[in-house]
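Asks: Provided herewith: final06.csv, CSV, C-alpha atoms.
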chain,number,residue,atom,x,y,z
A,1,MET,CA,-7.7,33.5,6.9
A,2,SER,CA,-11.1,31.8,6.8
A,3,CYS,CA,-14.1,33.1,4.7
A,4,ALA,CA,-16.0,34.2,7.9
A,5,ALA,CA,-13.0,36.1,9.2
A,6,SER,CA,-12.4,37.9,5.9
A,7,LYS,CA,-16.1,38.9,5.7
A,8,ARG,CA,-15.9,40.4,9.2
A,9,CYS,CA,-12.8,42.4,8.3
A,10,LEU,CA,-14.4,43.7,5.1
A,11,SER,CA,-17.6,44.7,6.9
A,12,GLN,CA,-15.7,46.6,9.6
A,13,LEU,CA,-13.7,48.4,6.9
A,14,LEU,CA,-16.8,49.5,5.1
A,15,ARG,CA,-18.5,50.7,8.3
A,16,ASP,CA,-15.5,52.8,9.3
A,17,PRO,CA,-15.6,56.1,7.4
A,18,VAL,CA,-12.0,56.9,8.1
A,19,ARG,CA,-10.7,53.7,6.8
A,20,SER,CA,-13.1,53.6,3.8
A,21,SER,CA,-11.9,57.1,2.7
A,22,SER,CA,-8.3,55.8,2.7
A,23,LEU,CA,-9.1,53.1,0.1
A,24,PRO,CA,-7.6,53.6,-3.4
A,25,THR,CA,-10.0,54.8,-6.0
A,26,PHE,CA,-9.8,51.7,-8.1
A,27,LEU,CA,-10.9,49.5,-5.1
A,28,VAL,CA,-14.0,51.5,-4.2
A,29,PRO,CA,-16.3,49.8,-6.8
A,30,ALA,CA,-15.2,46.4,-5.7
A,31,PHE,CA,-15.9,47.1,-2.0
A,32,SER,CA,-19.2,48.8,-2.7
A,33,GLN,CA,-20.7,45.6,-4.0
A,34,PRO,CA,-22.5,43.2,-1.5
A,35,LEU,CA,-20.3,40.5,-0.1
A,36,ARG,CA,-20.7,37.0,-1.4
A,37,ALA,CA,-22.2,34.4,0.8
A,38,GLN,CA,-20.0,31.7,-0.4
A,39,CYS,CA,-16.3,31.0,0.1
A,40,PHE,CA,-13.7,31.5,-2.6
A,41,SER,CA,-13.2,27.7,-3.2
A,42,THR,CA,-16.1,25.9,-4.7
A,43,THR,CA,-14.2,22.6,-5.3
A,44,SER,CA,-16.3,19.5,-4.6
A,45,ALA,CA,-15.2,16.7,-2.3
A,46,ALA,CA,-12.5,14.6,-3.9
A,47,GLN,CA,-13.2,11.0,-4.8
A,48,SER,CA,-10.8,8.1,-4.5
A,49,ARG,CA,-9.8,7.3,-8.1
A,50,ILE,CA,-8.5,3.8,-7.0
A,51,GLY,CA,-11.4,3.0,-4.6
A,52,LYS,CA,-14.2,3.7,-7.0
A,53,THR,CA,-12.7,1.6,-9.9
A,54,PRO,CA,-14.5,-1.7,-10.3
A,55,ILE,CA,-12.6,-5.0,-9.8
A,56,THR,CA,-13.0,-7.8,-12.4
A,57,VAL,CA,-13.6,-11.1,-10.7
A,58,PRO,CA,-12.5,-14.2,-12.6
A,59,PRO,CA,-15.1,-17.1,-13.0
A,60,GLU,CA,-13.0,-19.4,-10.8
A,61,VAL,CA,-12.9,-17.0,-7.8
A,62,THR,CA,-15.8,-16.9,-5.3
A,63,PHE,CA,-16.6,-14.5,-2.5
A,64,LYS,CA,-18.0,-15.3,0.9
A,65,PHE,CA,-19.0,-12.6,3.5
A,66,ILE,CA,-18.5,-13.5,7.1
A,67,GLU,CA,-19.7,-11.5,10.1
A,68,LEU,CA,-17.0,-11.1,12.8
A,69,PRO,CA,-17.7,-11.4,16.5
A,70,GLN,CA,-17.8,-8.0,18.2
A,71,THR,CA,-15.6,-7.4,21.2
A,72,GLN,CA,-15.4,-4.3,23.4
A,73,SER,CA,-12.1,-2.5,22.8
A,74,ARG,CA,-10.8,0.9,23.8
A,75,GLY,CA,-9.7,3.5,21.4
A,76,ARG,CA,-11.1,3.5,17.9
A,77,ALA,CA,-14.1,1.2,18.6
A,78,LYS,CA,-15.9,2.6,15.6
A,79,GLU,CA,-13.2,1.3,13.3
A,80,THR,CA,-13.3,-2.3,14.5
A,81,PRO,CA,-14.0,-4.6,11.5
A,82,LYS,CA,-17.5,-6.0,11.6
A,83,MET,CA,-17.3,-8.1,8.4
A,84,ALA,CA,-14.7,-10.1,6.5
A,85,VAL,CA,-14.7,-11.3,2.9
A,86,GLU,CA,-13.3,-14.8,2.2
A,87,VAL,CA,-11.8,-15.1,-1.3
A,88,ASN,CA,-11.5,-18.6,-2.7
A,89,GLY,CA,-9.7,-19.6,-5.8
A,90,PRO,CA,-7.8,-22.6,-7.4
A,91,LEU,CA,-4.6,-21.7,-5.6
A,92,GLY,CA,-6.0,-21.2,-2.1
A,93,GLN,CA,-8.0,-19.1,0.2
A,94,LEU,CA,-7.5,-15.6,1.8
A,95,THR,CA,-9.6,-13.6,4.2
A,96,LEU,CA,-9.7,-9.8,4.2
A,97,LYS,CA,-11.1,-7.8,7.2
A,98,VAL,CA,-13.2,-4.9,5.9
A,99,PRO,CA,-13.4,-1.6,7.8
A,100,PRO,CA,-17.0,-0.9,9.1
A,101,PHE,CA,-17.4,2.2,6.9
A,102,VAL,CA,-16.5,0.3,3.6
A,103,THR,CA,-19.2,-1.6,1.7
A,104,ILE,CA,-18.4,-4.3,-0.9
A,105,ASN,CA,-20.9,-4.9,-3.7
A,106,HIS,CA,-20.4,-8.1,-5.7
A,107,ASP,CA,-22.3,-8.5,-8.9
A,108,GLU,CA,-22.1,-12.2,-9.8
A,109,THR,CA,-23.7,-11.6,-13.2
A,110,LEU,CA,-21.2,-9.0,-14.5
A,111,ARG,CA,-18.4,-10.6,-12.4
A,112,LYS,CA,-17.6,-7.1,-10.9
A,113,ALA,CA,-16.9,-6.0,-7.4
A,114,THR,CA,-17.2,-2.3,-6.4
A,115,LEU,CA,-16.4,-0.6,-3.1
A,116,SER,CA,-18.0,2.5,-1.4
A,117,VAL,CA,-17.6,4.4,1.8
A,118,GLU,CA,-20.1,6.1,4.1
A,119,ASP,CA,-18.5,9.6,3.8
A,120,SER,CA,-15.9,10.3,1.2
A,121,THR,CA,-15.2,13.8,2.6
A,122,ILE,CA,-13.4,12.2,5.6
A,123,PRO,CA,-9.7,11.8,4.7
A,124,HIS,CA,-9.3,8.6,6.7
A,125,GLN,CA,-12.3,6.9,5.0
A,126,ARG,CA,-11.1,8.1,1.6
A,127,ALA,CA,-7.6,6.7,2.2
A,128,MET,CA,-8.9,3.3,3.4
A,129,TRP,CA,-11.3,3.2,0.4
A,130,GLY,CA,-8.4,2.8,-2.0
A,131,THR,CA,-6.3,0.7,0.4
A,132,THR,CA,-9.1,-1.9,0.9
A,133,ARG,CA,-9.7,-2.0,-2.8
A,134,ALA,CA,-6.0,-2.6,-3.5
A,135,HIS,CA,-5.9,-5.4,-0.9
A,136,LEU,CA,-9.0,-7.1,-2.3
A,137,GLN,CA,-7.5,-7.0,-5.9
A,138,ASN,CA,-4.2,-8.5,-4.7
A,139,TYR,CA,-6.2,-11.3,-2.9
A,140,ILE,CA,-8.1,-12.0,-6.1
A,141,ILE,CA,-5.0,-12.2,-8.2
A,142,GLY,CA,-3.2,-14.2,-5.6
A,143,VAL,CA,-5.8,-17.0,-5.4
A,144,SER,CA,-6.3,-17.2,-9.1
A,145,GLU,CA,-2.8,-16.5,-10.6
A,146,GLY,CA,-0.4,-16.1,-7.7
A,147,HIS,CA,2.3,-13.5,-7.0
A,148,ILE,CA,6.0,-13.9,-7.8
A,149,CYS,CA,9.2,-12.0,-6.9
A,150,ILE,CA,12.5,-12.5,-8.7
A,151,LEU,CA,15.7,-11.7,-6.8
A,152,SER,CA,19.0,-11.2,-8.7
A,153,LEU,CA,22.3,-11.6,-6.9
A,154,VAL,CA,25.0,-9.3,-8.5
A,155,GLY,CA,28.5,-9.7,-7.3
A,156,VAL,CA,31.6,-11.9,-7.6
A,157,GLY,CA,30.9,-15.2,-5.8
A,158,TYR,CA,27.3,-14.3,-4.9
A,159,ARG,CA,25.0,-17.3,-5.1
A,160,ALA,CA,22.0,-18.8,-3.3
A,161,SER,CA,20.6,-22.3,-2.8
A,162,ILE,CA,17.5,-23.9,-1.2
A,163,GLU,CA,18.3,-26.3,1.7
A,164,ASP,CA,16.1,-28.7,3.6
A,165,THR,CA,18.0,-28.1,6.9
A,166,ALA,CA,19.8,-25.2,8.5
A,167,THR,CA,22.5,-25.0,11.1
A,168,THR,CA,22.0,-21.5,12.4
A,169,VAL,CA,18.2,-21.3,12.7
A,170,SER,CA,15.5,-23.7,13.8
A,171,PRO,CA,12.5,-24.6,11.7
A,172,GLU,CA,9.2,-22.8,12.6
A,173,TYR,CA,6.9,-25.4,11.2
A,174,PRO,CA,7.3,-29.0,10.0
A,175,GLY,CA,8.9,-29.3,6.5
A,176,GLN,CA,10.2,-25.8,6.4
A,177,LYS,CA,13.0,-25.1,3.9
A,178,PHE,CA,15.7,-22.5,4.1
A,179,VAL,CA,17.3,-20.0,1.7
A,180,ASN,CA,21.1,-20.2,1.9
A,181,LEU,CA,22.9,-17.0,0.8
A,182,LYS,CA,26.6,-16.6,0.1
A,183,VAL,CA,27.0,-12.8,-0.4
A,184,GLY,CA,30.4,-12.0,0.8
A,185,TYR,CA,30.2,-12.8,4.5
A,186,SER,CA,32.5,-15.2,6.3
A,187,HIS,CA,29.6,-17.4,7.2
A,188,PRO,CA,26.5,-18.5,5.2
A,189,ILE,CA,23.2,-16.6,5.7
A,190,GLU,CA,20.2,-19.0,6.3
A,191,LEU,CA,16.7,-17.6,6.2
A,192,GLY,CA,13.6,-19.7,6.9
A,193,ILE,CA,11.0,-19.6,4.1
A,194,PRO,CA,7.6,-18.4,5.4
A,195,GLN,CA,4.6,-20.7,5.3
A,196,GLY,CA,2.7,-20.4,2.1
A,197,VAL,CA,5.7,-19.2,0.1
A,198,LYS,CA,7.5,-21.5,-2.4
A,199,ALA,CA,11.2,-20.7,-3.2
A,200,SER,CA,13.4,-22.0,-6.0
A,201,THR,CA,16.7,-21.2,-7.6
A,202,PRO,CA,16.5,-21.5,-11.4
A,203,GLN,CA,20.1,-20.2,-11.5
A,204,PRO,CA,22.7,-19.9,-8.7
A,205,THR,CA,22.3,-16.1,-8.9
A,206,ARG,CA,18.5,-16.1,-9.1
A,207,ILE,CA,15.8,-16.7,-6.4
A,208,LEU,CA,12.2,-17.2,-7.4
A,209,LEU,CA,9.6,-16.6,-4.7
A,210,GLU,CA,5.9,-17.7,-5.3
A,211,GLY,CA,2.8,-17.4,-3.1
A,212,ILE,CA,-0.8,-16.3,-3.0
A,213,ASP,CA,-0.3,-13.5,-0.4
A,214,LYS,CA,1.6,-10.6,-2.0
A,215,GLU,CA,2.4,-9.0,1.3
A,216,VAL,CA,4.1,-12.2,2.6
A,217,VAL,CA,6.0,-12.7,-0.6
A,218,THR,CA,7.3,-9.1,-0.9
A,219,GLN,CA,8.2,-9.0,2.8
A,220,PHE,CA,10.3,-12.1,2.6
A,221,ALA,CA,12.0,-10.6,-0.6
A,222,ALA,CA,12.8,-7.4,1.4
A,223,GLU,CA,14.3,-9.5,4.2
A,224,ILE,CA,16.6,-11.2,1.7
A,225,ARG,CA,17.5,-7.9,0.1
A,226,GLU,CA,18.5,-6.4,3.5
A,227,TRP,CA,21.6,-8.6,3.6
A,228,ARG,CA,23.1,-7.0,0.6
A,229,LYS,CA,21.4,-3.8,-0.5
A,230,PRO,CA,22.5,-2.5,-3.9
A,231,GLU,CA,25.4,-0.1,-3.6
A,232,PRO,CA,25.9,2.7,-6.2
A,233,TYR,CA,29.6,2.5,-6.9
A,234,LYS,CA,30.1,-1.1,-8.2
A,235,GLY,CA,26.5,-2.0,-8.7
A,236,LYS,CA,26.7,-5.0,-6.4
A,237,GLY,CA,23.9,-6.3,-4.3
A,238,ILE,CA,20.5,-8.1,-4.3
A,239,PHE,CA,18.0,-6.6,-6.7
A,240,VAL,CA,14.3,-7.3,-6.5
A,241,ASN,CA,12.3,-7.7,-9.8
A,242,ASP,CA,13.1,-4.8,-12.1
A,243,GLU,CA,15.0,-2.7,-9.5
A,244,THR,CA,17.9,-0.7,-10.9
A,245,ILE,CA,20.4,1.7,-9.4
A,246,LYS,CA,22.2,4.7,-10.8
A,247,LEU,CA,26.0,4.3,-10.5
A,248,LYS,CA,28.1,7.1,-9.1
A,249,SER,CA,31.6,8.1,-10.1
A,250,LYS,CA,34.4,7.2,-7.8
A,251,LYS,CA,35.7,10.0,-5.6
A,252,ILE,CA,39.2,11.0,-6.7
A,253,LYS,CA,41.3,12.7,-4.0
Kindly return the structure encoded in the file as structure tokens.
Replies:
Amino acid sequence: MSCAASKRCLSQLLRDPVRSSSLPTFLVPAFSQPLRAQCFSTTSAAQSRIGKTPITVPPEVTFKFIELPQTQSRGRAKETPKMAVEVNGPLGQLTLKVPPFVTINHDETLRKATLSVEDSTIPHQRAMWGTTRAHLQNYIIGVSEGHICILSLVGVGYRASIEDTATTVSPEYPGQKFVNLKVGYSHPIELGIPQGVKASTPQPTRILLEGIDKEVVTQFAAEIREWRKPEPYKGKGIFVNDETIKLKSKKIK
């Protein structure tokens, strides 16, 4: 029940002599006091702990703000991005579209970037506050250091290799390479490496993925993992980074 509704019920109870006489004796002093004008909850609006945290910008990374052309679109027209930030570094360049209610402040002297929103009490803005900040930090790390994913193939006969050509899939761009998996199927599994991702096999049972865009790298790692998800009885499968699985005991009939 809301605060306004509870106040109305209490006021009606106090005005009714029959109901007020039926109150227990220990509740009479409490109801004889004037009603409070405020609600029971006095908690202030929550702030995004991730969104308000400053981002450290390395000296070799530069920002460039670009205004996007506005087009008329139906639906959420107020959420159409009006600005994008171009992040440049020694490893490449990435562009992030910023929601219209998010503001990015870049202090070149302190090498810090902070984000703010128009109204932090709106759940959607508060959620996108932290999301935009996380994307921007991933872009900064990507163009300066890069992102990696290590896949481990666990199983008898499981191995992988990087091939220049494939027989089951066609290349999507010139010079595309392919990951060849042998993970227990009767035929080899060939997956095209996305553009901007570098794949290598330091060992026959290890796949190393490198790239500046974390989303592309992790998405390709997830596609490889889909062919042999880790199973809990023998512990076989394709594991990504530090992924582990708890083994189950075999069912005995």
Asks: At what distance in Å, to one decimal, does CA of Ala160 in chain A lie from CA of Glu231 in chain A?
Replies: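 One can read the CA of Glu231 in chain A to CA of Ala160 in chain A distance as 19.0 Å.
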Asks: Which residues, written as a PDB file with C-alpha atoms, in the coordinates of the input, have at least one atom at most 10 Å from Val61 in chain A, with only C-alpha atoms counted and residues fewer than 5 positions away on the same chain left out?
Replies:
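The resulting around14.pdb:
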ATOM      1  CA  VAL A  87     -11.800 -15.100  -1.300  1.00  0.00           C
ATOM      2  CA  ASN A  88     -11.500 -18.600  -2.700  1.00  0.00           C
ATOM      3  CA  GLY A  89      -9.700 -19.600  -5.800  1.00  0.00           C
ATOM      4  CA  PRO A  90      -7.800 -22.600  -7.400  1.00  0.00           C
ATOM      5  CA  LEU A  91      -4.600 -21.700  -5.600  1.00  0.00           C
ATOM      6  CA  GLY A  92      -6.000 -21.200  -2.100  1.00  0.00           C
ATOM      7  CA  GLN A  93      -8.000 -19.100   0.200  1.00  0.00           C
ATOM      8  CA  ARG A 111     -18.400 -10.600 -12.400  1.00  0.00           C
ATOM      9  CA  ILE A 140      -8.100 -12.000  -6.100  1.00  0.00           C
ATOM     10  CA  ILE A 141      -5.000 -12.200  -8.200  1.00  0.00           C
ATOM     11  CA  VAL A 143      -5.800 -17.000  -5.400  1.00  0.00           C
ATOM     12  CA  SER A 144      -6.300 -17.200  -9.100  1.00  0.00           C
TER      13      SER A 144
END
Asks: Compile the contact shell of Ile55 in chain A as number ranges by chain: residues with an atom at most 7 Å away, counting all atoms listed in the file, same-chain residues fewer than 4 positions apart removed.
Replies: A: 112-114, 137
Asks: Between CA of Leu181 in chain A and CA of Leu247 in chain A, what is the distance in Å, rounded to a tenth?
Replies: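 These atoms are spaced 24.3 Å apart.
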Asks: Grab the CA of Met128 in chain A to CA of Thr56 in chain A distance for me, in Å with one decimal place.
Replies: 19.7 Å
Asks: Do a neighbour search on Val179 in chain A at 6 Å with only C-alpha atoms, toss out local chain neighbours closer than 6 positions, and write the hits as a list of chain:residue names.
Replies: A:Ile162, A:Glu190, A:Leu191
Asks: In terms of the shortest atom-to-atom distance over only C-alpha atoms, which of A:Ile212, A:Val183, A:Val169, A:Leu153 is closest to Val240 in chain A?
Replies: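 The shortest atom-to-atom distance to Val240 in chain A comes from A:Leu153.
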Asks: Determine, counting only C-alpha atoms, which protein, DNA and RNA residues have an atom within 12 Å of an atom of range 108-110 of chain A; residues of the same chain fewer than 5 positions away are not included. Present the result as a ChimeraX atom specification.
Replies: /A:54-64
Asks: Using only C-alpha atoms for the distances, tell me which of A:Ser161, A:Thr131, A:Ser116, A:Ser152 is nearest to Ile238 in chain A.
Replies: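 Smallest separation from Ile238 in chain A among the options: A:Ser152.
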